Amino acid sequence: MRYADFTPYDLVLLAQGLGVTVGLFTLTTLVGLLIAALFTLVDYYRVPVLRQVIVTVSEALKNSPVLVQLFLVFFGLPAFFHINMTPFVAASLTISLNTAAFAFVIFRSGIDAVEAEQVAAAKVYGHSRWQILRFVLLPQAAAFSIGPLVGLLVNQLQVTSLISVIGVFDLTKIGNILNLRTLEPFIVWTVVGLLYYALAKLLASVGARIEKRLRRSVVWEGI
């Protein structure tokens, strides 16, 4: 066997890298959406000072490169605060916050898309702000938001490939290792690209089904 030959174990490595990518993407999606939901609540209730801080942080995260954010978290924070930061923790924190920043805008836009007349009518009937949010705004905002949200998550799935630069052994990192060992870049990166494509298509398909169900459960007028 030559040094550059592919081996059956390469499939195991790809599977491990794929597992890391899927695991980190799932974790950062859940954490990011939770943070975005909390941001949206603060914005909805117009909490003084905290609301301005959230908007400022969100704008900073949206308008700076993810790779720069990743380097700041992995290299900058440990140096400044004298703490230990593993590559996986740095990657998880960075992508979670980045996802939260964009999802916050989507959630807020979904709420703003609900007709003001519906909110006014709910107030006339004596509903509290929480009741209006729960029964009037959230069901419709979810239906408005699911399409853009799925698009965001597909993009964030691709963003996870950046974490390989700080040493996380995700799918891209494994692809780079196999490329250096086999000297077959076309084959290696085609396989890696197809795996990312399959994940993205699966995510988009699930999102489309959820959106379809939400459209059926909400009264849509003028859309």
# chains A, B, ... in the order shown; residues from 1 in each chain; ligands from 1

$ select_by_dssp --residues "stretch 130-172 of chain A" --states "alpha helix (DSSP H)" --output "MDAnalysis selection string"
chainID A and resid 130:132 138:159 171:172

$ write_last_selection --atoms "N, CA, C and O atoms" --output "compact mmCIF listing (two decimals), in the first residue's frame"
# COMPACT_ATOMS: atom_id res chain seq x y z
N TRP A 130 -48.53 39.62 27.95
CA TRP A 130 -48.11 38.22 27.84
C TRP A 130 -49.15 37.41 27.06
O TRP A 130 -48.79 36.58 26.22
N GLN A 131 -50.43 37.64 27.33
CA GLN A 131 -51.47 36.92 26.59
C GLN A 131 -51.47 37.28 25.11
O GLN A 131 -51.66 36.41 24.26
N ILE A 132 -51.23 38.54 24.82
CA ILE A 132 -51.15 38.97 23.42
C ILE A 132 -49.97 38.31 22.73
O ILE A 132 -50.07 37.83 21.59
N LEU A 138 -47.16 35.14 18.83
CA LEU A 138 -46.26 34.00 18.63
C LEU A 138 -46.71 33.02 17.54
O LEU A 138 -45.88 32.62 16.71
N PRO A 139 -47.98 32.61 17.51
CA PRO A 139 -48.37 31.66 16.45
C PRO A 139 -48.12 32.20 15.04
O PRO A 139 -47.63 31.47 14.16
N GLN A 140 -48.46 33.46 14.82
CA GLN A 140 -48.27 34.04 13.50
C GLN A 140 -46.81 34.37 13.23
O GLN A 140 -46.32 34.19 12.11
N ALA A 141 -46.10 34.85 14.25
CA ALA A 141 -44.69 35.17 14.08
C ALA A 141 -43.89 33.92 13.74
O ALA A 141 -42.94 33.97 12.94
N ALA A 142 -44.26 32.79 14.34
CA ALA A 142 -43.57 31.53 14.04
C ALA A 142 -43.74 31.17 12.58
O ALA A 142 -42.80 30.74 11.90
N ALA A 143 -44.96 31.34 12.06
CA ALA A 143 -45.22 31.03 10.65
C ALA A 143 -44.47 31.98 9.73
O ALA A 143 -43.95 31.58 8.68
N PHE A 144 -44.41 33.26 10.11
CA PHE A 144 -43.67 34.22 9.31
C PHE A 144 -42.16 33.94 9.33
O PHE A 144 -41.46 34.18 8.34
N SER A 145 -41.67 33.45 10.45
CA SER A 145 -40.22 33.36 10.67
C SER A 145 -39.57 32.08 10.18
O SER A 145 -38.36 32.05 9.96
N ILE A 146 -40.34 31.01 10.03
CA ILE A 146 -39.73 29.70 9.79
C ILE A 146 -38.92 29.66 8.50
O ILE A 146 -37.85 29.06 8.45
N GLY A 147 -39.41 30.31 7.43
CA GLY A 147 -38.68 30.31 6.17
C GLY A 147 -37.30 30.96 6.28
O GLY A 147 -36.28 30.34 5.98
N PRO A 148 -37.25 32.23 6.72
CA PRO A 148 -35.95 32.88 6.91
C PRO A 148 -35.06 32.15 7.92
O PRO A 148 -33.84 32.12 7.77
N LEU A 149 -35.69 31.56 8.95
CA LEU A 149 -34.92 30.87 9.97
C LEU A 149 -34.23 29.63 9.39
O LEU A 149 -33.06 29.37 9.69
N VAL A 150 -34.94 28.87 8.56
CA VAL A 150 -34.32 27.71 7.93
C VAL A 150 -33.17 28.14 7.03
O VAL A 150 -32.11 27.51 7.01
N GLY A 151 -33.37 29.23 6.29
CA GLY A 151 -32.28 29.75 5.47
C GLY A 151 -31.06 30.12 6.29
O GLY A 151 -29.92 29.85 5.90
N LEU A 152 -31.31 30.74 7.45
CA LEU A 152 -30.21 31.08 8.35
C LEU A 152 -29.49 29.84 8.83
O LEU A 152 -28.24 29.79 8.84
N LEU A 153 -30.22 28.81 9.23
CA LEU A 153 -29.60 27.61 9.78
C LEU A 153 -28.80 26.85 8.72
O LEU A 153 -27.76 26.28 9.03
N VAL A 154 -29.28 26.86 7.48
CA VAL A 154 -28.50 26.25 6.40
C VAL A 154 -27.17 26.99 6.25
O VAL A 154 -26.11 26.37 6.07
N ASN A 155 -27.23 28.31 6.34
CA ASN A 155 -25.98 29.09 6.26
C ASN A 155 -25.07 28.80 7.45
O ASN A 155 -23.85 28.67 7.29
N GLN A 156 -25.65 28.71 8.65
CA GLN A 156 -24.84 28.44 9.84
C GLN A 156 -24.21 27.06 9.79
O GLN A 156 -23.13 26.84 10.33
N LEU A 157 -24.88 26.13 9.12
CA LEU A 157 -24.28 24.81 8.92
C LEU A 157 -22.98 24.93 8.12
O LEU A 157 -21.98 24.29 8.45
N GLN A 158 -22.98 25.77 7.10
CA GLN A 158 -21.77 25.99 6.32
C GLN A 158 -20.70 26.73 7.15
O GLN A 158 -19.50 26.48 7.01
N VAL A 159 -21.18 27.62 8.02
CA VAL A 159 -20.26 28.40 8.86
C VAL A 159 -19.46 27.49 9.79
O VAL A 159 -18.32 27.80 10.14
N LEU A 171 -15.89 17.89 10.10
CA LEU A 171 -15.84 17.30 8.76
C LEU A 171 -14.78 17.96 7.88
O LEU A 171 -14.04 17.28 7.15
N THR A 172 -14.69 19.28 7.95
CA THR A 172 -13.70 19.99 7.14
C THR A 172 -12.27 19.67 7.57
O THR A 172 -11.37 19.50 6.73

$ residues_around --residues "A:Pro87" --least-positions-apart "4" --cutoff "8 Å" --atoms "only C-alpha atoms" --output "ChimeraX atom specification"
/A:74,91,163,166-168

$ write_last_selection --atoms "N, CA and C atoms" --output "PDB file, in the first residue's frame"
ATOM      1  N   PHE A  74     -11.373  32.514  20.862  1.00  0.00           N
ATOM      2  CA  PHE A  74     -10.410  31.449  21.137  1.00  0.00           C
ATOM      3  C   PHE A  74      -9.047  31.980  21.578  1.00  0.00           C
ATOM      4  N   ALA A  91     -15.646  27.360  19.733  1.00  0.00           N
ATOM      5  CA  ALA A  91     -16.482  27.228  18.538  1.00  0.00           C
ATOM      6  C   ALA A  91     -17.958  27.279  18.896  1.00  0.00           C
ATOM      7  N   ILE A 163     -14.611  26.263  11.959  1.00  0.00           N
ATOM      8  CA  ILE A 163     -14.044  25.890  13.253  1.00  0.00           C
ATOM      9  C   ILE A 163     -12.817  24.991  13.105  1.00  0.00           C
ATOM     10  N   ILE A 166      -9.253  26.352  14.175  1.00  0.00           N
ATOM     11  CA  ILE A 166      -8.757  26.413  15.556  1.00  0.00           C
ATOM     12  C   ILE A 166      -8.561  25.011  16.140  1.00  0.00           C
ATOM     13  N   GLY A 167      -8.659  23.990  15.272  1.00  0.00           N
ATOM     14  CA  GLY A 167      -8.297  22.651  15.715  1.00  0.00           C
ATOM     15  C   GLY A 167      -9.431  21.730  16.081  1.00  0.00           C
ATOM     16  N   VAL A 168     -10.677  22.122  15.793  1.00  0.00           N
ATOM     17  CA  VAL A 168     -11.800  21.224  16.045  1.00  0.00           C
ATOM     18  C   VAL A 168     -11.847  20.198  14.910  1.00  0.00           C
TER      19      VAL A 168
END

$ atom_distance --atom1 "atom CA of A:Leu214" --atom2 "atom CA of A:Phe102"
21.3 Å

$ residues_around --residues "A:Gln16" --least-positions-apart "4" --cutoff "8 Å" --atoms "only C-alpha atoms" --output "MDAnalysis selection string"
chainID A and resid 12 20 170:171

$ closest_residue --among "A:Thr182, A:Thr190, A:Ser205, A:Ser164" --to "A:Phe88" --atoms "only C-alpha atoms"
A:Ser164

$ residues_around --residues "A:Phe6" --least-positions-apart "4" --cutoff "12 Å" --atoms "only C-alpha atoms" --output "MDAnalysis selection string"
chainID A and resid 1:2 10:13 177:184 187:188

$ residues_around --residues "A:Leu72" --least-positions-apart "3" --cutoff "12 Å" --atoms "only C-alpha atoms" --output "ChimeraX atom specification"
/A:61,64-69,75-80,85,90-91,93-94,166
